[in-house]
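**Q** What follows is the file input.pdb, containing PDB, C-alpha atoms and all ligand atoms:
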```pdb
MODEL        1
ATOM      1  CA  MET G  11     129.657  85.429  61.497
ATOM      2  CA  ASN G  12     126.083  84.442  61.779
ATOM      3  CA  SER G  13     123.258  85.945  63.724
ATOM      4  CA  VAL G  14     119.634  86.754  63.376
ATOM      5  CA  GLU G  15     117.277  89.547  64.299
ATOM      6  CA  GLY G  16     114.772  92.006  62.881
ATOM      7  CA  ASP G  17     112.678  92.355  59.762
ATOM      8  CA  ALA G  18     113.309  91.382  56.172
ATOM      9  CA  THR G  19     114.974  93.878  53.845
ATOM     10  CA  GLY G  20     114.034  94.971  50.388
ATOM     11  CA  SER G  21     115.176  91.674  48.896
ATOM     12  CA  ASP G  22     113.274  89.628  46.379
ATOM     13  CA  GLY G  23     112.745  86.426  48.346
ATOM     14  CA  PRO G  24     114.846  83.430  49.341
ATOM     15  CA  ASP G  25     117.757  82.353  47.194
ATOM     16  CA  ARG G  26     116.329  79.022  46.046
ATOM     17  CA  ASP G  27     119.604  77.771  44.569
ATOM     18  CA  VAL G  28     121.174  77.813  47.980
ATOM     19  CA  VAL G  29     118.174  76.857  50.067
ATOM     20  CA  ASP G  30     117.568  73.767  47.962
ATOM     21  CA  ALA G  31     121.216  72.710  47.781
ATOM     22  CA  PRO G  32     121.825  69.371  49.509
ATOM     23  CA  THR G  33     123.133  69.790  53.015
ATOM     24  CA  LYS G  34     126.225  68.061  54.222
ATOM     25  CA  ARG G  35     126.488  66.670  57.709
ATOM     26  CA  GLY G  36     128.621  68.963  59.822
ATOM     27  CA  GLY G  37     128.258  71.992  57.550
ATOM     28  CA  SER G  38     127.057  72.761  54.047
ATOM     29  CA  ALA G  39     129.751  73.681  51.499
ATOM     30  CA  ALA G  40     127.161  75.352  49.237
ATOM     31  CA  ALA G  41     125.938  77.543  52.067
ATOM     32  CA  ILE G  42     129.484  78.518  53.028
ATOM     33  CA  SER G  43     130.308  79.400  49.445
ATOM     34  CA  HIS G  44     127.154  81.524  49.160
ATOM     35  CA  HIS G  45     128.385  83.810  51.942
ATOM     36  CA  TYR G  46     132.172  83.661  52.067
ATOM     37  CA  ASP G  47     132.923  83.405  48.331
ATOM     38  CA  LEU G  48     130.961  86.565  47.570
ATOM     39  CA  SER G  49     134.118  88.646  46.965
ATOM     40  CA  ASN G  50     137.345  89.047  48.939
ATOM     41  CA  GLU G  51     137.541  92.617  47.653
ATOM     42  CA  PHE G  52     134.123  93.377  49.147
ATOM     43  CA  TYR G  53     135.007  91.980  52.587
ATOM     44  CA  THR G  54     138.312  93.872  52.517
ATOM     45  CA  LEU G  55     136.348  97.151  52.361
ATOM     46  CA  TRP G  56     134.721  96.811  55.768
ATOM     47  CA  LEU G  57     136.538  94.195  57.854
ATOM     48  CA  ASP G  58     139.653  95.313  59.741
ATOM     49  CA  GLN G  59     143.054  94.997  58.091
ATOM     50  CA  THR G  60     143.597  91.443  59.421
ATOM     51  CA  LEU G  61     140.364  90.324  57.668
ATOM     52  CA  THR G  62     139.077  88.787  60.874
ATOM     53  CA  TYR G  63     135.372  88.024  60.562
ATOM     54  CA  SER G  64     134.221  87.403  64.127
ATOM     55  CA  CYS G  65     133.636  89.232  67.402
ATOM     56  CA  ALA G  66     136.608  91.300  68.570
ATOM     57  CA  LEU G  67     137.805  91.664  72.170
ATOM     58  CA  TRP G  68     138.130  94.988  73.999
ATOM     59  CA  ASN G  69     139.313  95.557  77.522
ATOM     60  CA  GLU G  70     137.956  98.211  79.831
ATOM     61  CA  GLY G  71     139.453 101.579  78.847
ATOM     62  CA  ASP G  72     140.499 100.535  75.308
ATOM     63  CA  ASP G  73     139.838 102.776  72.348
ATOM     64  CA  PRO G  74     136.408 101.453  71.322
ATOM     65  CA  ASP G  75     136.992 102.363  67.674
ATOM     66  CA  ASP G  76     140.270 100.518  67.206
ATOM     67  CA  LEU G  77     138.943  97.353  65.610
ATOM     68  CA  THR G  78     142.294  95.986  64.437
ATOM     69  CA  ALA G  79     143.771  96.148  67.957
ATOM     70  CA  ALA G  80     140.642  94.467  69.348
ATOM     71  CA  GLN G  81     140.808  91.705  66.732
ATOM     72  CA  LEU G  82     144.474  91.014  67.467
ATOM     73  CA  ARG G  83     143.650  90.918  71.207
ATOM     74  CA  LYS G  84     140.916  88.371  70.453
ATOM     75  CA  LEU G  85     143.334  86.214  68.436
ATOM     76  CA  ASP G  86     145.856  86.370  71.297
ATOM     77  CA  PHE G  87     143.120  85.416  73.772
ATOM     78  CA  HIS G  88     142.396  82.235  71.793
ATOM     79  CA  LEU G  89     146.079  81.445  71.279
ATOM     80  CA  ALA G  90     146.634  81.684  75.039
ATOM     81  CA  ALA G  91     143.436  79.764  75.875
ATOM     82  CA  SER G  92     144.468  76.932  73.546
ATOM     83  CA  ALA G  93     147.982  76.812  75.063
ATOM     84  CA  ALA G  94     149.574  77.753  71.734
ATOM     85  CA  ASP G  95     152.505  79.334  73.553
ATOM     86  CA  ARG G  96     153.532  75.868  74.764
ATOM     87  CA  GLY G  97     153.038  73.982  71.477
ATOM     88  CA  ARG G  98     154.384  73.543  67.975
ATOM     89  CA  ARG G  99     151.280  72.551  65.970
ATOM     90  CA  ILE G 100     147.945  74.370  65.891
ATOM     91  CA  LEU G 101     144.669  73.626  64.072
ATOM     92  CA  ASP G 102     142.166  76.415  63.285
ATOM     93  CA  ILE G 103     138.770  74.970  62.336
ATOM     94  CA  GLY G 104     136.993  77.581  60.214
ATOM     95  CA  CYS G 105     140.088  79.703  59.593
ATOM     96  CA  GLY G 106     138.458  82.432  57.485
ATOM     97  CA  TRP G 107     141.106  84.503  55.699
ATOM     98  CA  GLY G 108     143.813  83.149  57.984
ATOM     99  CA  SER G 109     144.346  85.870  60.587
ATOM    100  CA  LEU G 110     144.785  83.420  63.477
ATOM    101  CA  LEU G 111     147.160  81.214  61.475
ATOM    102  CA  ARG G 112     149.323  84.211  60.674
ATOM    103  CA  ARG G 113     149.244  85.470  64.254
ATOM    104  CA  ALA G 114     150.178  82.014  65.568
ATOM    105  CA  VAL G 115     153.304  81.651  63.429
ATOM    106  CA  SER G 116     154.403  85.265  63.928
ATOM    107  CA  GLN G 117     153.729  85.730  67.655
ATOM    108  CA  THR G 118     154.169  82.282  69.255
ATOM    109  CA  ARG G 119     156.557  79.371  68.936
ATOM    110  CA  ILE G 120     154.082  77.526  66.719
ATOM    111  CA  GLU G 121     155.929  76.005  63.755
ATOM    112  CA  GLN G 122     152.997  74.557  61.795
ATOM    113  CA  ALA G 123     149.567  76.200  61.614
ATOM    114  CA  THR G 124     146.816  74.289  59.782
ATOM    115  CA  GLY G 125     143.533  75.917  58.808
ATOM    116  CA  LEU G 126     140.291  74.346  57.588
ATOM    117  CA  THR G 127     137.776  76.283  55.521
ATOM    118  CA  LEU G 128     135.004  75.358  53.097
ATOM    119  CA  SER G 129     135.420  78.594  51.151
ATOM    120  CA  GLU G 130     137.377  78.498  47.893
ATOM    121  CA  ALA G 131     138.068  82.257  48.072
ATOM    122  CA  GLN G 132     139.491  81.964  51.588
ATOM    123  CA  PHE G 133     141.505  78.882  50.637
ATOM    124  CA  ARG G 134     143.101  80.702  47.690
ATOM    125  CA  HIS G 135     143.790  83.808  49.751
ATOM    126  CA  ILE G 136     145.809  81.870  52.344
ATOM    127  CA  ASP G 137     147.395  79.477  49.855
ATOM    128  CA  ALA G 138     148.797  82.468  47.945
ATOM    129  CA  TRP G 139     150.946  83.431  50.951
ATOM    130  CA  GLN G 140     153.241  80.503  50.098
ATOM    131  CA  ASP G 141     154.288  80.378  53.749
ATOM    132  CA  GLY G 142     155.728  76.973  54.609
ATOM    133  CA  ARG G 143     154.597  77.361  58.236
ATOM    134  CA  VAL G 144     150.929  77.755  57.211
ATOM    135  CA  ARG G 145     148.866  74.985  55.637
ATOM    136  CA  VAL G 146     145.272  75.557  54.498
ATOM    137  CA  LEU G 147     142.883  72.777  53.550
ATOM    138  CA  LYS G 148     139.537  73.181  51.828
ATOM    139  CA  GLU G 149     137.961  70.551  53.986
ATOM    140  CA  SER G 150     135.270  70.139  56.616
ATOM    141  CA  TRP G 151     136.199  69.098  60.135
ATOM    142  CA  ILE G 152     134.008  66.042  59.556
ATOM    143  CA  ASP G 153     136.464  64.737  56.931
ATOM    144  CA  HIS G 154     139.670  65.886  58.595
ATOM    145  CA  ALA G 155     142.124  63.081  59.356
ATOM    146  CA  PRO G 156     145.418  64.565  60.572
ATOM    147  CA  ALA G 157     148.601  62.528  60.282
ATOM    148  CA  ALA G 158     149.923  63.935  63.567
ATOM    149  CA  LYS G 159     148.351  65.345  66.713
ATOM    150  CA  TYR G 160     147.954  69.058  67.416
ATOM    151  CA  ASP G 161     149.057  70.843  70.563
ATOM    152  CA  SER G 162     146.402  73.479  70.177
ATOM    153  CA  ILE G 163     142.957  73.705  68.532
ATOM    154  CA  VAL G 164     140.971  76.890  67.949
ATOM    155  CA  SER G 165     137.590  77.343  66.303
ATOM    156  CA  ILE G 166     136.110  80.833  65.971
ATOM    157  CA  GLY G 167     132.761  81.481  64.350
ATOM    158  CA  ALA G 168     132.410  78.132  62.564
ATOM    159  CA  LEU G 169     130.183  76.078  64.891
ATOM    160  CA  GLU G 170     127.223  78.246  63.849
ATOM    161  CA  HIS G 171     127.400  76.481  60.478
ATOM    162  CA  PHE G 172     127.512  72.863  61.656
ATOM    163  CA  ALA G 173     123.870  72.120  62.495
ATOM    164  CA  SER G 174     120.982  72.595  60.075
ATOM    165  CA  PRO G 175     117.664  74.409  60.507
ATOM    166  CA  GLY G 176     115.102  71.993  61.903
ATOM    167  CA  ASP G 177     117.636  69.765  63.663
ATOM    168  CA  ARG G 178     116.233  68.629  66.989
ATOM    169  CA  PRO G 179     118.172  69.514  70.184
ATOM    170  CA  GLY G 180     119.283  65.886  70.574
ATOM    171  CA  GLU G 181     120.619  65.835  67.014
ATOM    172  CA  LYS G 182     122.490  69.096  67.544
ATOM    173  CA  ILE G 183     124.036  67.875  70.783
ATOM    174  CA  ALA G 184     125.121  64.620  69.102
ATOM    175  CA  LEU G 185     126.725  66.570  66.249
ATOM    176  CA  TYR G 186     128.536  68.971  68.599
ATOM    177  CA  ARG G 187     129.676  65.981  70.655
ATOM    178  CA  GLU G 188     131.046  64.332  67.516
ATOM    179  CA  PHE G 189     132.886  67.570  66.701
ATOM    180  CA  LEU G 190     134.342  67.929  70.195
ATOM    181  CA  SER G 191     135.245  64.231  70.388
ATOM    182  CA  LYS G 192     137.171  64.493  67.127
ATOM    183  CA  CYS G 193     138.976  67.573  68.420
ATOM    184  CA  ARG G 194     139.752  65.752  71.661
ATOM    185  CA  SER G 195     141.192  62.799  69.712
ATOM    186  CA  TRP G 196     143.410  65.136  67.628
ATOM    187  CA  LEU G 197     145.013  66.776  70.674
ATOM    188  CA  ALA G 198     148.421  65.722  71.954
ATOM    189  CA  PRO G 199     148.897  65.271  75.729
ATOM    190  CA  GLY G 200     148.828  68.673  77.437
ATOM    191  CA  GLY G 201     146.889  70.214  74.531
ATOM    192  CA  ALA G 202     143.921  72.555  74.858
ATOM    193  CA  MET G 203     141.087  73.976  72.787
ATOM    194  CA  SER G 204     139.491  77.399  72.508
ATOM    195  CA  LEU G 205     136.055  77.853  70.979
ATOM    196  CA  GLN G 206     134.072  80.967  70.053
ATOM    197  CA  THR G 207     130.532  80.868  68.722
ATOM    198  CA  ILE G 208     127.354  82.865  68.491
ATOM    199  CA  ALA G 209     124.549  81.211  70.451
ATOM    200  CA  TYR G 210     120.860  81.759  71.021
ATOM    201  CA  GLY G 211     120.228  84.171  73.868
ATOM    202  CA  THR G 212     116.656  85.092  74.718
ATOM    203  CA  MET G 213     115.556  84.321  71.141
ATOM    204  CA  ARG G 214     114.237  80.843  70.369
ATOM    205  CA  SER G 215     115.089  78.953  67.182
ATOM    206  CA  ASN G 216     111.528  79.272  65.843
ATOM    207  CA  GLU G 217     111.929  83.079  65.951
ATOM    208  CA  ASN G 218     114.680  82.959  63.309
ATOM    209  CA  ASN G 219     114.583  85.763  60.778
ATOM    210  CA  ALA G 220     113.792  84.415  57.296
ATOM    211  CA  PHE G 221     115.894  87.030  55.511
ATOM    212  CA  ILE G 222     119.058  86.133  57.472
ATOM    213  CA  SER G 223     118.479  82.388  57.408
ATOM    214  CA  THR G 224     117.894  82.190  53.658
ATOM    215  CA  GLN G 225     119.808  85.019  52.016
ATOM    216  CA  ILE G 226     122.703  85.781  54.350
ATOM    217  CA  PHE G 227     123.475  82.512  56.176
ATOM    218  CA  PRO G 228     121.475  79.711  54.532
ATOM    219  CA  ASP G 229     121.500  76.266  56.066
ATOM    220  CA  SER G 230     122.979  77.235  59.395
ATOM    221  CA  GLU G 231     121.670  76.959  62.935
ATOM    222  CA  LEU G 232     122.955  78.504  66.154
ATOM    223  CA  PRO G 233     123.668  76.409  69.239
ATOM    224  CA  GLN G 234     122.191  76.977  72.681
ATOM    225  CA  ALA G 235     124.844  77.357  75.403
ATOM    226  CA  HIS G 236     123.556  74.305  77.269
ATOM    227  CA  GLU G 237     123.799  72.175  74.123
ATOM    228  CA  ILE G 238     127.530  72.892  73.887
ATOM    229  CA  LEU G 239     128.055  72.169  77.586
ATOM    230  CA  GLU G 240     126.131  68.909  77.325
ATOM    231  CA  ALA G 241     128.103  67.932  74.228
ATOM    232  CA  ALA G 242     131.382  68.660  76.038
ATOM    233  CA  SER G 243     130.444  66.696  79.139
ATOM    234  CA  GLY G 244     132.976  63.902  79.715
ATOM    235  CA  VAL G 245     135.051  65.000  76.701
ATOM    236  CA  PHE G 246     136.325  68.456  77.633
ATOM    237  CA  GLU G 247     136.403  70.284  80.927
ATOM    238  CA  VAL G 248     135.241  73.857  80.338
ATOM    239  CA  THR G 249     137.710  76.002  82.279
ATOM    240  CA  LEU G 250     136.307  79.345  81.136
ATOM    241  CA  LEU G 251     132.996  80.440  79.637
ATOM    242  CA  ARG G 252     132.129  84.049  78.918
ATOM    243  CA  ASN G 253     129.330  85.756  77.041
ATOM    244  CA  ASP G 254     130.735  88.809  75.242
ATOM    245  CA  ARG G 255     127.578  89.670  73.326
ATOM    246  CA  THR G 256     127.906  93.449  73.674
ATOM    247  CA  GLN G 257     131.400  93.200  72.183
ATOM    248  CA  TYR G 258     129.865  91.598  69.101
ATOM    249  CA  GLY G 259     127.314  94.417  69.000
ATOM    250  CA  ARG G 260     130.200  96.873  68.972
ATOM    251  CA  THR G 261     132.050  94.866  66.287
ATOM    252  CA  CYS G 262     128.954  94.848  64.044
ATOM    253  CA  ASP G 263     128.475  98.589  64.588
ATOM    254  CA  LEU G 264     132.035  99.199  63.385
ATOM    255  CA  TRP G 265     131.629  96.886  60.384
ATOM    256  CA  TYR G 266     128.426  98.706  59.458
ATOM    257  CA  ARG G 267     130.096 102.117  59.731
ATOM    258  CA  ALA G 268     133.061 100.948  57.623
ATOM    259  CA  LEU G 269     130.738  99.540  54.962
ATOM    260  CA  HIS G 270     128.791 102.800  54.975
ATOM    261  CA  ARG G 271     131.998 104.796  54.450
ATOM    262  CA  ARG G 272     133.027 102.614  51.500
ATOM    263  CA  ARG G 273     129.493 102.164  50.158
ATOM    264  CA  ASP G 274     130.110 103.394  46.610
ATOM    265  CA  GLU G 275     133.033 101.012  46.144
ATOM    266  CA  ALA G 276     131.008  98.173  47.632
ATOM    267  CA  VAL G 277     128.166  98.801  45.164
ATOM    268  CA  GLU G 278     130.714  98.703  42.314
ATOM    269  CA  ILE G 279     131.870  95.267  43.451
ATOM    270  CA  VAL G 280     128.695  93.397  44.503
ATOM    271  CA  GLY G 281     125.825  95.641  43.398
ATOM    272  CA  GLU G 282     123.262  97.788  45.191
ATOM    273  CA  GLN G 283     120.972  94.966  46.314
ATOM    274  CA  LYS G 284     123.746  92.959  47.971
ATOM    275  CA  VAL G 285     125.047  96.045  49.772
ATOM    276  CA  ARG G 286     121.555  96.816  51.053
ATOM    277  CA  GLN G 287     121.249  93.228  52.298
ATOM    278  CA  TYR G 288     124.567  93.404  54.139
ATOM    279  CA  GLU G 289     123.710  96.768  55.694
ATOM    280  CA  ALA G 290     120.450  95.282  56.974
ATOM    281  CA  TYR G 291     122.153  92.101  58.216
ATOM    282  CA  LEU G 292     124.805  94.043  60.137
ATOM    283  CA  ARG G 293     122.202  96.354  61.717
ATOM    284  CA  MET G 294     119.972  93.423  62.689
ATOM    285  CA  SER G 295     122.918  91.492  64.110
ATOM    286  CA  ALA G 296     124.077  94.477  66.186
ATOM    287  CA  PHE G 297     120.559  94.853  67.570
ATOM    288  CA  GLY G 298     120.397  91.133  68.414
ATOM    289  CA  PHE G 299     123.671  91.256  70.363
ATOM    290  CA  HIS G 300     122.966  94.550  72.133
ATOM    291  CA  THR G 301     119.563  93.320  73.318
ATOM    292  CA  GLY G 302     120.683  89.816  74.319
ATOM    293  CA  ARG G 303     118.528  87.986  71.807
ATOM    294  CA  VAL G 304     121.751  86.334  70.683
ATOM    295  CA  GLY G 305     124.935  85.805  72.684
ATOM    296  CA  LEU G 306     128.634  85.416  71.941
ATOM    297  CA  LEU G 307     130.315  82.571  73.789
ATOM    298  CA  ARG G 308     134.036  82.066  74.298
ATOM    299  CA  LEU G 309     135.051  78.771  75.912
ATOM    300  CA  ALA G 310     138.466  77.508  76.996
ATOM    301  CA  MET G 311     138.600  73.737  77.336
ATOM    302  CA  VAL G 312     141.021  71.016  78.361
ATOM    303  CA  PRO G 313     140.492  67.313  77.696
ATOM    304  CA  VAL G 314     138.898  65.278  80.457
ATOM    305  CA  LEU G 315     141.623  62.918  81.606
ATOM    306  CA  GLY G 316     141.098  59.394  80.340
ATOM    307  CA  SER G 317     138.405  60.396  77.802
TER     308      SER G 317
HETATM  309  C1  LIG J 401     132.580  83.598  60.350
HETATM  310  S1  LIG J 401     133.905  82.803  59.527
HETATM  311  C2  LIG J 401     135.134  82.928  60.804
HETATM  312  C3  LIG J 401     136.502  82.923  60.232
HETATM  313  C4  LIG J 401     137.649  83.120  61.219
HETATM  314  N1  LIG J 401     137.634  82.123  62.260
HETATM  315  C5  LIG J 401     137.657  84.497  61.787
HETATM  316  O1  LIG J 401     137.383  84.656  62.981
HETATM  317  O2  LIG J 401     137.963  85.426  61.040
HETATM  318  C6  LIG J 401     133.420  81.071  59.532
HETATM  319  C7  LIG J 401     134.446  80.103  58.966
HETATM  320  O3  LIG J 401     134.038  78.775  59.253
HETATM  321  C8  LIG J 401     134.307  77.970  58.139
HETATM  322  N2  LIG J 401     133.478  76.739  58.237
HETATM  323  C9  LIG J 401     132.140  76.657  58.355
HETATM  324  N3  LIG J 401     131.765  75.369  58.409
HETATM  325  C10 LIG J 401     132.897  74.628  58.334
HETATM  326  C11 LIG J 401     133.173  73.220  58.333
HETATM  327  N4  LIG J 401     132.191  72.307  58.398
HETATM  328  N5  LIG J 401     134.465  72.814  58.254
HETATM  329  C12 LIG J 401     135.466  73.715  58.170
HETATM  330  N6  LIG J 401     135.268  75.062  58.161
HETATM  331  C13 LIG J 401     134.002  75.502  58.231
HETATM  332  C14 LIG J 401     134.008  78.861  56.959
HETATM  333  O4  LIG J 401     134.587  78.358  55.779
HETATM  334  C15 LIG J 401     134.647  80.173  57.450
HETATM  335  O5  LIG J 401     136.025  80.137  57.157
ENDMDL
END
```
Let me see the structure of the file written as structure tokens.
**A**
Amino acid sequence: MNSVEGDATGSDGPDRDVVDAPTKRGGSAAAISHHYDLSNEFYTLWLDQTLTYSCALWNEGDDPDDLTAAQLRKLDFHLAASAADRGRRILDIGCGWGSLLRRAVSQTRIEQATGLTLSEAQFRHIDAWQDGRVRVLKESWIDHAPAAKYDSIVSIGALEHFASPGDRPGEKIALYREFLSKCRSWLAPGGAMSLQTIAYGTMRSNENNAFISTQIFPDSELPQAHEILEAASGVFEVTLLRNDRTQYGRTCDLWYRALHRRRDEAVEIVGEQKVRQYEAYLRMSAFGFHTGRVGLLRLAMVPVLGS
């Protein structure tokens, strides 16, 4: 996840090692490692039991505290939106700790689920399952060259990492278009794609919070909704677009409460300063979503015929 809001915490300045690391077009491996390779044990303390690290999905009347049920509902939403129930092969770009891959092979007729991540810790976590139906690659989408087409493509919470701070709108749109065009070219006839990403809401990119953009999510840049739509134009038809920002606020609130409950263990694993940083980041993110400064977009897309 990646969002920005609020004031700096009691940290001791930007992490120069990461800020100065060379960026890679389409996403920086060093920046991904900085966040996601922190410690699987740490993330296990406060994410839900599926280790899903993105906005959950509640329906009206659901138990607001049941994060696992809401995460599974979100995974099922994306599986349905990407037509996974009709296909055999699915690609998850930015697969995290593999919750969607596992859900796809256990709950649909998908026979082969492929995940891409730039995190070594996430790669090892999934690889250790030794499940012949699940394949994980430590590879960026920009280098991915599948031998066969996919019936279904999902990407949840990864697009936030593709552009770099300072990229101009035209550069971001070109990069997102390259991403979507690759996805389009990897889809078999009848295939579909589902995308979820944080996006700027009322906040502008020059209002980015320095603490979040250097110490929590270095070298990442959120999209604007219109940039994604422009990038998709002529490549994908957007059949559904929803902004579920308050659901991300609720997800962050629950993550914060879980981290608070397990605080002593968390300090044992990553230290007091890191825990304080994560508490601040989760509080700031919740505030950003609840107030609309940042949004949470879910898009269902089908290829434009003939593109
Ligand atoms: C916030 S996590 C979301 C994980 C998962 N989709 C979920 O919902 O639990 C972002 C993921 O995007 C991946 N990612 C970021 N940039 C990437 C890139 N250029 N290529 C492949 N994966 C990338 C990270 O490695 C991480 O697994």
**Q** Separation of atom CA of Gly176 of chain G and atom CA of Thr62 of chain G, in Å?
**A**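 Going from atom CA of Gly176 of chain G over to atom CA of Thr62 of chain G covers 29.3 Å.
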**Q** Pick out the closest residue to Gly211 of chain G from this set: G:Gly125, G:Pro233, G:Gly302, G:Gly108. Count all atoms listed in the file.
**A** G:Gly302
**Q** Which protein, DNA or RNA residues have an atom within 6 Å of ligand LIG 401 (chain J), counting all atoms listed in the file, as a list of chain:residue names?
**A** G:Met11, G:Gly36, G:Gly37, G:Ile42, G:Thr62, G:Tyr63, G:Ser64, G:Ile103, G:Gly104, G:Cys105, G:Gly106, G:Leu126, G:Thr127, G:Leu128, G:Ser129, G:Glu149, G:Ser150, G:Trp151, G:Ile166, G:Gly167, G:Ala168, G:His171, G:Phe172
**Q** Output C-alpha atoms of each residue in that selection to a file, as a CSV table (one decimal), in the frame of the given file.
**A**
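Once everything was written out, this is part.csv:
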```csv
chain,number,residue,atom,x,y,z
G,11,MET,CA,129.7,85.4,61.5
G,36,GLY,CA,128.6,69.0,59.8
G,37,GLY,CA,128.3,72.0,57.6
G,42,ILE,CA,129.5,78.5,53.0
G,62,THR,CA,139.1,88.8,60.9
G,63,TYR,CA,135.4,88.0,60.6
G,64,SER,CA,134.2,87.4,64.1
G,103,ILE,CA,138.8,75.0,62.3
G,104,GLY,CA,137.0,77.6,60.2
G,105,CYS,CA,140.1,79.7,59.6
G,106,GLY,CA,138.5,82.4,57.5
G,126,LEU,CA,140.3,74.3,57.6
G,127,THR,CA,137.8,76.3,55.5
G,128,LEU,CA,135.0,75.4,53.1
G,129,SER,CA,135.4,78.6,51.2
G,149,GLU,CA,138.0,70.6,54.0
G,150,SER,CA,135.3,70.1,56.6
G,151,TRP,CA,136.2,69.1,60.1
G,166,ILE,CA,136.1,80.8,66.0
G,167,GLY,CA,132.8,81.5,64.4
G,168,ALA,CA,132.4,78.1,62.6
G,171,HIS,CA,127.4,76.5,60.5
G,172,PHE,CA,127.5,72.9,61.7
```
**Q** Find the spatial neighbours of Ile136 of chain G, counting all atoms listed in the file, within a cut-off of 10 Å - ignore same-chain residues fewer than 3 positions away - and output them as a short mmCIF file (atom, residue, chain, number, x, y, z; two decimals) with C-alpha atoms, keeping the file's coordinate frame.
**A**
```cif
data_model
loop_
_atom_site.label_atom_id
_atom_site.label_comp_id
_atom_site.auth_asym_id
_atom_site.auth_seq_id
_atom_site.Cartn_x
_atom_site.Cartn_y
_atom_site.Cartn_z
CA CYS G 105 140.09 79.70 59.59
CA GLY G 106 138.46 82.43 57.48
CA TRP G 107 141.11 84.50 55.70
CA GLY G 108 143.81 83.15 57.98
CA SER G 109 144.35 85.87 60.59
CA LEU G 111 147.16 81.21 61.48
CA ARG G 112 149.32 84.21 60.67
CA GLY G 125 143.53 75.92 58.81
CA ALA G 131 138.07 82.26 48.07
CA GLN G 132 139.49 81.96 51.59
CA PHE G 133 141.50 78.88 50.64
CA TRP G 139 150.95 83.43 50.95
CA GLN G 140 153.24 80.50 50.10
CA ASP G 141 154.29 80.38 53.75
CA VAL G 144 150.93 77.76 57.21
CA ARG G 145 148.87 74.98 55.64
CA VAL G 146 145.27 75.56 54.50
CA LEU G 147 142.88 72.78 53.55
#
```
**Q** Taking only residues of segment 141-251 of chain G that have an atom at most 8 Å from an atom of segment 73-94 of chain G, what is each one's shortest atom pair and its distance in Å to one decimal, using only C-alpha atoms, in chain and number order, as a Markdown table?
**A**
```
| residue | atom | partner | partner_atom | distance |
| --- | --- | --- | --- | --- |
| G:Asp161 | CA | G:Ala94 | CA | 7.0 |
| G:Ser162 | CA | G:Ser92 | CA | 5.2 |
| G:Ile163 | CA | G:Ser92 | CA | 6.2 |
| G:Val164 | CA | G:Ser92 | CA | 6.6 |
| G:Gly201 | CA | G:Ala93 | CA | 6.7 |
| G:Ala202 | CA | G:Ser92 | CA | 4.6 |
| G:Met203 | CA | G:Ser92 | CA | 4.6 |
| G:Ser204 | CA | G:Ser92 | CA | 5.1 |
| G:Leu205 | CA | G:His88 | CA | 7.8 |
```
**Q** Here's a test: counting all atoms listed in the file, identify every protein, DNA and RNA residue with an atom at most 6 Å from (134.6, 90.4, 66.5) in the file's coordinate frame, and state them as a PDB file with C-alpha atoms, in the coordinates of the input.
**A**
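So the final result, stored in point-v2.pdb, reads:
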```
ATOM      1  CA  SER G  64     134.221  87.403  64.127  1.00  0.00           C
ATOM      2  CA  CYS G  65     133.636  89.232  67.402  1.00  0.00           C
ATOM      3  CA  ALA G  66     136.608  91.300  68.570  1.00  0.00           C
ATOM      4  CA  TYR G 258     129.865  91.598  69.101  1.00  0.00           C
ATOM      5  CA  THR G 261     132.050  94.866  66.287  1.00  0.00           C
TER       6      THR G 261
END
```
**Q** The PyMOL selection byres (((chain G and resi 178) around 12) and not hetatm) on the file shown: which residues, as a VMD selection string?
**A** chain G and resid 173 to 177 179 to 185 215 to 216 231 to 234 237
**Q** Missing atoms in segment 59-67 of chain G: fill them in up to N, CA and C atoms and send the result as an mmCIF file, in the frame of the given file.
**A**
```cif
data_model
loop_
_atom_site.group_PDB
_atom_site.id
_atom_site.type_symbol
_atom_site.label_atom_id
_atom_site.label_comp_id
_atom_site.auth_asym_id
_atom_site.auth_seq_id
_atom_site.Cartn_x
_atom_site.Cartn_y
_atom_site.Cartn_z
ATOM 1 N N GLN G 59 141.977 95.331 59.029
ATOM 2 C CA GLN G 59 143.054 94.997 58.091
ATOM 3 C C GLN G 59 143.539 93.558 58.207
ATOM 4 N N THR G 60 143.209 92.855 59.315
ATOM 5 C CA THR G 60 143.597 91.443 59.421
ATOM 6 C C THR G 60 142.559 90.520 58.768
ATOM 7 N N LEU G 61 141.473 91.082 58.279
ATOM 8 C CA LEU G 61 140.364 90.324 57.668
ATOM 9 C C LEU G 61 139.786 89.294 58.645
ATOM 10 N N THR G 62 139.696 89.667 59.880
ATOM 11 C CA THR G 62 139.077 88.787 60.874
ATOM 12 C C THR G 62 137.570 89.015 60.865
ATOM 13 N N TYR G 63 136.827 87.912 60.739
ATOM 14 C CA TYR G 63 135.372 88.024 60.562
ATOM 15 C C TYR G 63 134.669 87.347 61.736
ATOM 16 N N SER G 64 134.863 87.923 62.924
ATOM 17 C CA SER G 64 134.221 87.403 64.127
ATOM 18 C C SER G 64 134.346 88.471 65.213
ATOM 19 N N CYS G 65 133.674 88.228 66.318
ATOM 20 C CA CYS G 65 133.636 89.232 67.402
ATOM 21 C C CYS G 65 135.029 89.557 67.934
ATOM 22 N N ALA G 66 135.317 90.846 68.040
ATOM 23 C CA ALA G 66 136.608 91.300 68.570
ATOM 24 C C ALA G 66 136.587 91.292 70.101
ATOM 25 N N LEU G 67 137.700 91.683 70.706
ATOM 26 C CA LEU G 67 137.805 91.664 72.170
ATOM 27 C C LEU G 67 138.436 92.966 72.664
#
```
